[in-house]
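Peer 1: To start, I am sharing the structure in question, which I have written as structure tokens.
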Amino acid sequence: MRENDRVTSATRQPGTPSAAVRPRLIATDLDGTLLRDDKSVSPRTVAALAAAEEAGIEVFFVTGRPARWMDVVSDHVHGHGLAICGNGAAVVDLHGGPGAHRFVKVRELARENALDSVRLLRAAAPGTVFAVEQTYGFHQEPAYPKLHMEIPDNLLLAERLLAPDGPDADQPVLKILAYHPDLDPDAFLTLARLAIGGRANVTRSSPSALLELSGPDVSKASTLALCCAERGISHEEVVAFGDMPNDVEMLTWAGQSYAMGNAHPDVIAAASGRTVANNEDGVAVVIEQLLDESI
């Protein structure tokens, strides 16, 4: 393993192609990865993203954020202008700018699955409270804490929010958010996965005990794979970056992958390489190195 400014080159793992494959697409998480802790994109990172696009490497933002929170990077989209939001639940065209995005692909969580998941998690972890994320709406239970710095469209129990005649019943459900005030975040994640089984894909990206439930086959990795297949790009030609458990599948799937210096232990174990922390422009450091090596 080679070290360069505390960045390790992608080490080959069983079934992982050589890092010598020229990348055609960069897939990067946002919070804790591309963004600094103050939610800014540093000038160095802006320059690195532009240089990658100039070199013919597509850049995809792949995030757990909903589309309406993509204003932090809407000024930095190039070419295709697409982003994967909601942990893979939606592919969004950001060209219109904040508030004018267009959903290109939606991979919803069936309401029946959502209701079953809520019921099972309430029983397994009493005290859990829920919120519902839809394409254009956000709803929460009255006891759900103010975690997202926005005013919900409705305050109702999740069973009512997800009912066939519930609010915005014509809109797809992208994900369910489940919060517990007392449980350890990783313990809550393990418990929820066991309780819910295959009814939903359960992950987390918050430092608190906040889980994110998507459709059973929906993840950053599976939606990224669909977008790459549409472009004739193989997983060997993808370089991915992440820091939290919702990035694990994507990092495992990509030919080269980097855990941030501030990453969760599961992410470090899944990635084939490691870079410096988000506040030290870890994504830009690797992109610069990749571009230097391709000259």
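Residues in the structure tokens are named by chain (A, B, ... in the order shown) and by number from 1 within that chain; ligands are numbered from 1 in the order shown.
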Which residues, written as a PDB file with C-alpha atoms, in the first residue's frame, have at least one atom at most 10 Å from Ala271 (chain A), with only C-alpha atoms counted and residues fewer than 3 positions away on the same chain left out?

Peer 2:
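Written output follows (around-v5.pdb):
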ATOM      1  CA  ALA A  10      -6.951   1.653  -3.467  1.00  0.00           C
ATOM      2  CA  THR A  11      -5.705  -1.728  -2.347  1.00  0.00           C
ATOM      3  CA  GLN A  13      -9.400  -6.933  -2.582  1.00  0.00           C
ATOM      4  CA  ALA A 240     -16.548   6.416  -4.906  1.00  0.00           C
ATOM      5  CA  PHE A 241     -16.216   8.404  -1.668  1.00  0.00           C
ATOM      6  CA  GLY A 242     -18.159   8.175   1.593  1.00  0.00           C
ATOM      7  CA  ASP A 243     -18.133   8.373   5.368  1.00  0.00           C
ATOM      8  CA  ASP A 247     -22.257   4.610   1.772  1.00  0.00           C
ATOM      9  CA  VAL A 248     -21.055   1.053   2.451  1.00  0.00           C
ATOM     10  CA  GLU A 249     -22.801  -0.682  -0.485  1.00  0.00           C
ATOM     11  CA  MET A 250     -21.621   1.997  -2.928  1.00  0.00           C
ATOM     12  CA  LEU A 251     -18.021   1.766  -1.719  1.00  0.00           C
ATOM     13  CA  THR A 252     -18.090  -2.016  -1.959  1.00  0.00           C
ATOM     14  CA  TRP A 253     -19.528  -1.897  -5.485  1.00  0.00           C
ATOM     15  CA  ALA A 254     -17.137   0.678  -6.983  1.00  0.00           C
ATOM     16  CA  GLY A 255     -13.854  -0.367  -8.540  1.00  0.00           C
ATOM     17  CA  GLN A 256     -12.000   2.150  -6.383  1.00  0.00           C
ATOM     18  CA  SER A 257     -13.420   3.536  -3.165  1.00  0.00           C
ATOM     19  CA  TYR A 258     -12.203   5.851  -0.451  1.00  0.00           C
ATOM     20  CA  ALA A 259     -13.282   6.230   3.159  1.00  0.00           C
ATOM     21  CA  MET A 260     -12.855   9.705   4.538  1.00  0.00           C
ATOM     22  CA  ASP A 266     -17.835   0.070   8.796  1.00  0.00           C
ATOM     23  CA  VAL A 267     -17.004   2.450   5.952  1.00  0.00           C
ATOM     24  CA  ILE A 268     -13.272   2.100   6.529  1.00  0.00           C
ATOM     25  CA  ARG A 274      -8.621   5.946   2.594  1.00  0.00           C
TER      26      ARG A 274
END

Peer 1: Excluding Leu213 (chain A) and any residue of its chain fewer than 3 positions from it, enumerate the residues within 8 Å of it, using only C-alpha atoms, and give them as a PDB file with C-alpha atoms, in the first residue's frame.

Peer 2:
ATOM      1  CA  LYS A 175     -38.068   6.997   2.574  1.00  0.00           C
ATOM      2  CA  ILE A 176     -39.148   6.737   6.177  1.00  0.00           C
ATOM      3  CA  LEU A 177     -37.079   8.336   8.930  1.00  0.00           C
ATOM      4  CA  ALA A 178     -37.089   6.618  12.323  1.00  0.00           C
ATOM      5  CA  ALA A 200     -37.164  -2.192   3.502  1.00  0.00           C
ATOM      6  CA  ASN A 201     -33.510  -1.315   3.174  1.00  0.00           C
ATOM      7  CA  VAL A 202     -32.431   0.194   6.500  1.00  0.00           C
ATOM      8  CA  THR A 203     -29.365   2.382   6.912  1.00  0.00           C
TER       9      THR A 203
END

Peer 1: Here is a test: counting only C-alpha atoms, which residue of A:Met244, A:Cys227, A:Val91, A:Leu161 is nearest to Pro265 (chain A)?

Peer 2: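 Closest to Pro265 (chain A) of all the choices is A:Met244.
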
Peer 1: Can you pull out every residue within 12 Å of Ala131 (chain A), counting only C-alpha atoms, but drop anything in the same chain fewer than 4 positions away, and send it as a compact mmCIF listing (two decimals) with N, CA, C and O atoms, in the first residue's frame?

Peer 2:
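So the final result, stored in part.txt, reads:
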# COMPACT_ATOMS: atom_id res chain seq x y z
N ALA A 114 -43.92 0.18 3.97
CA ALA A 114 -43.65 1.24 4.93
C ALA A 114 -44.47 1.04 6.20
O ALA A 114 -43.96 1.15 7.32
N VAL A 118 -43.01 0.32 9.98
CA VAL A 118 -43.34 1.16 11.13
C VAL A 118 -43.89 0.31 12.27
O VAL A 118 -43.48 0.44 13.43
N GLY A 137 -43.00 16.40 -0.55
CA GLY A 137 -43.54 16.66 0.77
C GLY A 137 -42.73 16.04 1.88
O GLY A 137 -42.04 15.03 1.67
N PHE A 138 -42.80 16.64 3.06
CA PHE A 138 -42.16 16.10 4.25
C PHE A 138 -43.16 16.18 5.39
O PHE A 138 -43.69 17.26 5.70
N HIS A 139 -43.43 15.04 6.02
CA HIS A 139 -44.41 14.95 7.09
C HIS A 139 -43.78 14.24 8.28
O HIS A 139 -42.89 13.41 8.11
N GLN A 140 -44.28 14.53 9.48
CA GLN A 140 -43.70 13.88 10.65
C GLN A 140 -44.74 13.70 11.74
O GLN A 140 -45.81 14.32 11.72
N GLU A 141 -44.40 12.81 12.67
CA GLU A 141 -45.24 12.63 13.84
C GLU A 141 -45.06 13.80 14.79
O GLU A 141 -44.00 14.45 14.80
N PRO A 142 -46.07 14.08 15.63
CA PRO A 142 -45.94 15.21 16.56
C PRO A 142 -44.74 15.11 17.49
O PRO A 142 -44.13 16.14 17.84
N ALA A 143 -44.35 13.88 17.88
CA ALA A 143 -43.24 13.70 18.82
C ALA A 143 -41.87 13.66 18.14
O ALA A 143 -40.84 13.62 18.82
N TYR A 144 -41.87 13.66 16.81
CA TYR A 144 -40.59 13.62 16.09
C TYR A 144 -39.83 14.93 16.34
O TYR A 144 -40.40 16.02 16.18
N PRO A 145 -38.55 14.87 16.75
CA PRO A 145 -37.84 16.11 17.09
C PRO A 145 -37.54 16.97 15.88
O PRO A 145 -37.58 16.50 14.74
N LYS A 146 -37.23 18.21 16.13
CA LYS A 146 -36.92 19.15 15.05
C LYS A 146 -35.47 18.92 14.62
O LYS A 146 -34.55 19.61 15.05
N LEU A 147 -35.29 17.94 13.73
CA LEU A 147 -33.95 17.54 13.30
C LEU A 147 -33.55 18.18 11.98
O LEU A 147 -32.36 18.24 11.66
N HIS A 148 -34.49 18.60 11.19
CA HIS A 148 -34.20 18.91 9.79
C HIS A 148 -34.33 20.39 9.43
O HIS A 148 -34.26 20.74 8.25
N ILE A 151 -40.15 23.16 8.36
CA ILE A 151 -41.49 22.99 8.90
C ILE A 151 -42.18 21.87 8.14
O ILE A 151 -42.31 21.94 6.91
N PRO A 152 -42.63 20.83 8.83
CA PRO A 152 -43.29 19.72 8.12
C PRO A 152 -44.63 20.15 7.54
O PRO A 152 -45.28 21.07 8.05
N ASP A 153 -45.04 19.46 6.49
CA ASP A 153 -46.32 19.76 5.87
C ASP A 153 -47.49 19.29 6.73
O ASP A 153 -48.56 19.89 6.71
N ASN A 154 -47.27 18.19 7.48
CA ASN A 154 -48.33 17.66 8.33
C ASN A 154 -47.72 17.05 9.58
O ASN A 154 -46.60 16.51 9.56
N LEU A 155 -48.46 17.11 10.69
CA LEU A 155 -48.09 16.48 11.95
C LEU A 155 -49.16 15.44 12.27
O LEU A 155 -50.24 15.76 12.77
N LEU A 156 -48.86 14.17 11.96
CA LEU A 156 -49.79 13.06 12.18
C LEU A 156 -48.99 11.81 12.48
O LEU A 156 -47.80 11.72 12.15
N LEU A 157 -49.62 10.81 13.08
CA LEU A 157 -48.96 9.53 13.28
C LEU A 157 -48.61 8.92 11.92
O LEU A 157 -49.32 9.11 10.93
N ALA A 158 -47.52 8.16 11.89
CA ALA A 158 -47.04 7.59 10.63
C ALA A 158 -48.11 6.73 9.95
O ALA A 158 -48.22 6.73 8.72
N GLU A 159 -48.88 5.99 10.75
CA GLU A 159 -49.92 5.15 10.17
C GLU A 159 -50.93 5.99 9.40
O GLU A 159 -51.45 5.54 8.36
N ARG A 160 -51.20 7.17 9.87
CA ARG A 160 -52.13 8.06 9.16
C ARG A 160 -51.45 8.70 7.96
O ARG A 160 -52.06 8.85 6.90
N LEU A 161 -50.19 9.05 8.11
CA LEU A 161 -49.46 9.67 7.00
C LEU A 161 -49.33 8.70 5.82
O LEU A 161 -49.29 9.13 4.66
N LEU A 162 -49.24 7.40 6.12
CA LEU A 162 -49.02 6.40 5.08
C LEU A 162 -50.31 5.72 4.61
O LEU A 162 -50.27 4.83 3.76
N VAL A 173 -43.66 7.59 -1.80
CA VAL A 173 -42.87 7.66 -0.57
C VAL A 173 -41.43 7.30 -0.92
O VAL A 173 -41.15 6.23 -1.46
N LEU A 174 -40.50 8.22 -0.64
CA LEU A 174 -39.10 7.97 -0.95
C LEU A 174 -38.39 7.25 0.21
O LEU A 174 -37.62 6.33 -0.01
N LYS A 175 -38.65 7.69 1.43
CA LYS A 175 -38.07 7.00 2.57
C LYS A 175 -38.81 7.37 3.85
O LYS A 175 -39.49 8.39 3.92
N ILE A 176 -38.64 6.50 4.83
CA ILE A 176 -39.15 6.74 6.18
C ILE A 176 -37.95 7.04 7.07
O ILE A 176 -36.91 6.39 6.98
N LEU A 177 -38.10 8.02 7.93
CA LEU A 177 -37.08 8.34 8.93
C LEU A 177 -37.58 7.86 10.28
O LEU A 177 -38.74 8.10 10.65
N ALA A 178 -36.72 7.16 11.02
CA ALA A 178 -37.09 6.62 12.32
C ALA A 178 -36.07 7.08 13.35
O ALA A 178 -34.87 6.82 13.20
N TYR A 179 -36.54 7.75 14.38
CA TYR A 179 -35.64 8.31 15.40
C TYR A 179 -35.96 7.72 16.76
O TYR A 179 -37.12 7.56 17.14
N HIS A 180 -34.89 7.39 17.50
CA HIS A 180 -35.06 6.94 18.88
C HIS A 180 -34.24 7.83 19.79
O HIS A 180 -33.05 8.08 19.53
N LEU A 210 -30.87 7.97 14.22
CA LEU A 210 -31.82 8.30 13.16
C LEU A 210 -31.60 7.36 11.99
O LEU A 210 -30.52 7.38 11.37
N LEU A 211 -32.58 6.52 11.70
CA LEU A 211 -32.47 5.54 10.63
C LEU A 211 -33.24 6.02 9.40
O LEU A 211 -34.17 6.82 9.49
N GLU A 212 -32.85 5.49 8.24
CA GLU A 212 -33.47 5.83 6.97
C GLU A 212 -33.91 4.54 6.30
O GLU A 212 -33.10 3.66 6.06
N LEU A 213 -35.20 4.42 5.98
CA LEU A 213 -35.79 3.22 5.40
C LEU A 213 -36.21 3.51 3.97
O LEU A 213 -37.00 4.42 3.72

Peer 1: When distances are computed from only C-alpha atoms, which of A:Ala67, A:Ala192, A:Ala163, A:Leu34 shows the smallest separation from Ala277 (chain A)?

Peer 2: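 Once distances to Ala277 (chain A) are computed over only C-alpha atoms, the minimum belongs to A:Leu34.
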
Peer 1: Rounded to one decimal place, report the CA of Gly88 (chain A)-CA of Val62 (chain A) distance in Å.

Peer 2: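 Separation of CA of Gly88 (chain A) and CA of Val62 (chain A): 7.5 Å.
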
Peer 1: Give me every helix (DSSP H, G or I) residue in region 25-267 of chain A, going by DSSP on the backbone, as a PyMOL selection string.

Peer 2: chain A and resi 30-34+43-54+67-72+74-76+86-88+111-124+158-161+185-199+220-230+235-237+245-253+265-267

Peer 1: Which one of A:Val129, A:Ala225, A:Ala83, A:Leu49 sits closest to Asp182 (chain A) if you count only C-alpha atoms?

Peer 2: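 Ranked by minimum distance to Asp182 (chain A), first place goes to A:Val129.
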
Peer 1: Near Val238 (chain A), within 8 Å and counting only C-alpha atoms, which residues show up once chain neighbours fewer than 4 positions away are dropped, as a list in words?

Peer 2: Pro23, Arg24, Leu25, Ile26, Ala27, Ile233, Ser234, Ala254, Gly255 and Gln256 of chain A

Peer 1: With N, CA and C atoms retained, export the selected residues as an mmCIF file, in the first residue's frame.

Peer 2:
data_model
loop_
_atom_site.group_PDB
_atom_site.id
_atom_site.type_symbol
_atom_site.label_atom_id
_atom_site.label_comp_id
_atom_site.auth_asym_id
_atom_site.auth_seq_id
_atom_site.Cartn_x
_atom_site.Cartn_y
_atom_site.Cartn_z
ATOM 1 N N PRO A 23 -10.583 5.828 -14.465
ATOM 2 C CA PRO A 23 -11.947 6.129 -14.028
ATOM 3 C C PRO A 23 -12.723 6.924 -15.067
ATOM 4 N N ARG A 24 -14.013 6.621 -15.163
ATOM 5 C CA ARG A 24 -14.906 7.371 -16.037
ATOM 6 C C ARG A 24 -15.983 8.110 -15.253
ATOM 7 N N LEU A 25 -16.128 7.748 -13.962
ATOM 8 C CA LEU A 25 -17.156 8.406 -13.158
ATOM 9 C C LEU A 25 -16.717 8.471 -11.703
ATOM 10 N N ILE A 26 -16.928 9.628 -11.092
ATOM 11 C CA ILE A 26 -16.674 9.831 -9.667
ATOM 12 C C ILE A 26 -18.024 9.954 -8.977
ATOM 13 N N ALA A 27 -18.245 9.131 -7.958
ATOM 14 C CA ALA A 27 -19.487 9.170 -7.176
ATOM 15 C C ALA A 27 -19.134 9.585 -5.758
ATOM 16 N N ILE A 233 -20.956 2.418 -18.408
ATOM 17 C CA ILE A 233 -19.823 2.510 -17.482
ATOM 18 C C ILE A 233 -19.873 1.315 -16.541
ATOM 19 N N SER A 234 -18.766 0.599 -16.433
ATOM 20 C CA SER A 234 -18.700 -0.558 -15.547
ATOM 21 C C SER A 234 -18.309 -0.125 -14.141
ATOM 22 N N ALA A 254 -18.022 -0.083 -6.086
ATOM 23 C CA ALA A 254 -17.137 0.678 -6.983
ATOM 24 C C ALA A 254 -15.775 0.009 -7.129
ATOM 25 N N GLY A 255 -15.182 0.192 -8.292
ATOM 26 C CA GLY A 255 -13.854 -0.367 -8.540
ATOM 27 C C GLY A 255 -12.793 0.195 -7.619
ATOM 28 N N GLN A 256 -12.856 1.503 -7.377
ATOM 29 C CA GLN A 256 -12.000 2.150 -6.383
ATOM 30 C C GLN A 256 -12.902 2.899 -5.412
#

Peer 1: Would you mind writing down, as a list in words, each residue of region 134-219 of chain A that DSSP on the backbone assigns to strand (DSSP E)?

Peer 2: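 Matching residues, listed in order: Gln134, Phe138, His139, Gln140, Asn154, Leu155, Val173, Leu174, Lys175, Ile176, Leu177, Ala178, Tyr179, Asn201, Val202, Thr203, Arg204, Leu210, Leu211, Glu212, Leu213 and Ser214 of chain A.
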
Peer 1: Could you check how far CA of Phe130 (chain A) sits from CA of Ala195 (chain A), in Å to one decimal?

Peer 2: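 Taking CA of Phe130 (chain A) as the start and CA of Ala195 (chain A) as the end point, the length is 15.7 Å.
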
Peer 1: For Asn278 (chain A), which residue out of A:Thr33, A:Pro43, A:Val21, A:Arg193 is the nearest one, using only C-alpha atoms?

Peer 2: A:Thr33

Peer 1: Determine the nearest neighbour of Ser40 (chain A) from the options A:Gln289, A:Leu120, A:Asp281, A:Leu226, counting only C-alpha atoms.

Peer 2: A:Asp281

Peer 1: Find the residue from A:Ala125, A:Val72, A:Ala110, A:Cys85 that sits nearest to Arg36 (chain A); use only C-alpha atoms when measuring.

Peer 2: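 Of A:Ala125, A:Val72, A:Ala110, A:Cys85, the one nearest Arg36 (chain A), counting only C-alpha atoms, is A:Val72.
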
Peer 1: Between CA of Gly215 (chain A) and CA of Leu109 (chain A), what is the distance in Å, rounded to a tenth?

Peer 2: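 Distance between the two atoms: 4.2 Å.
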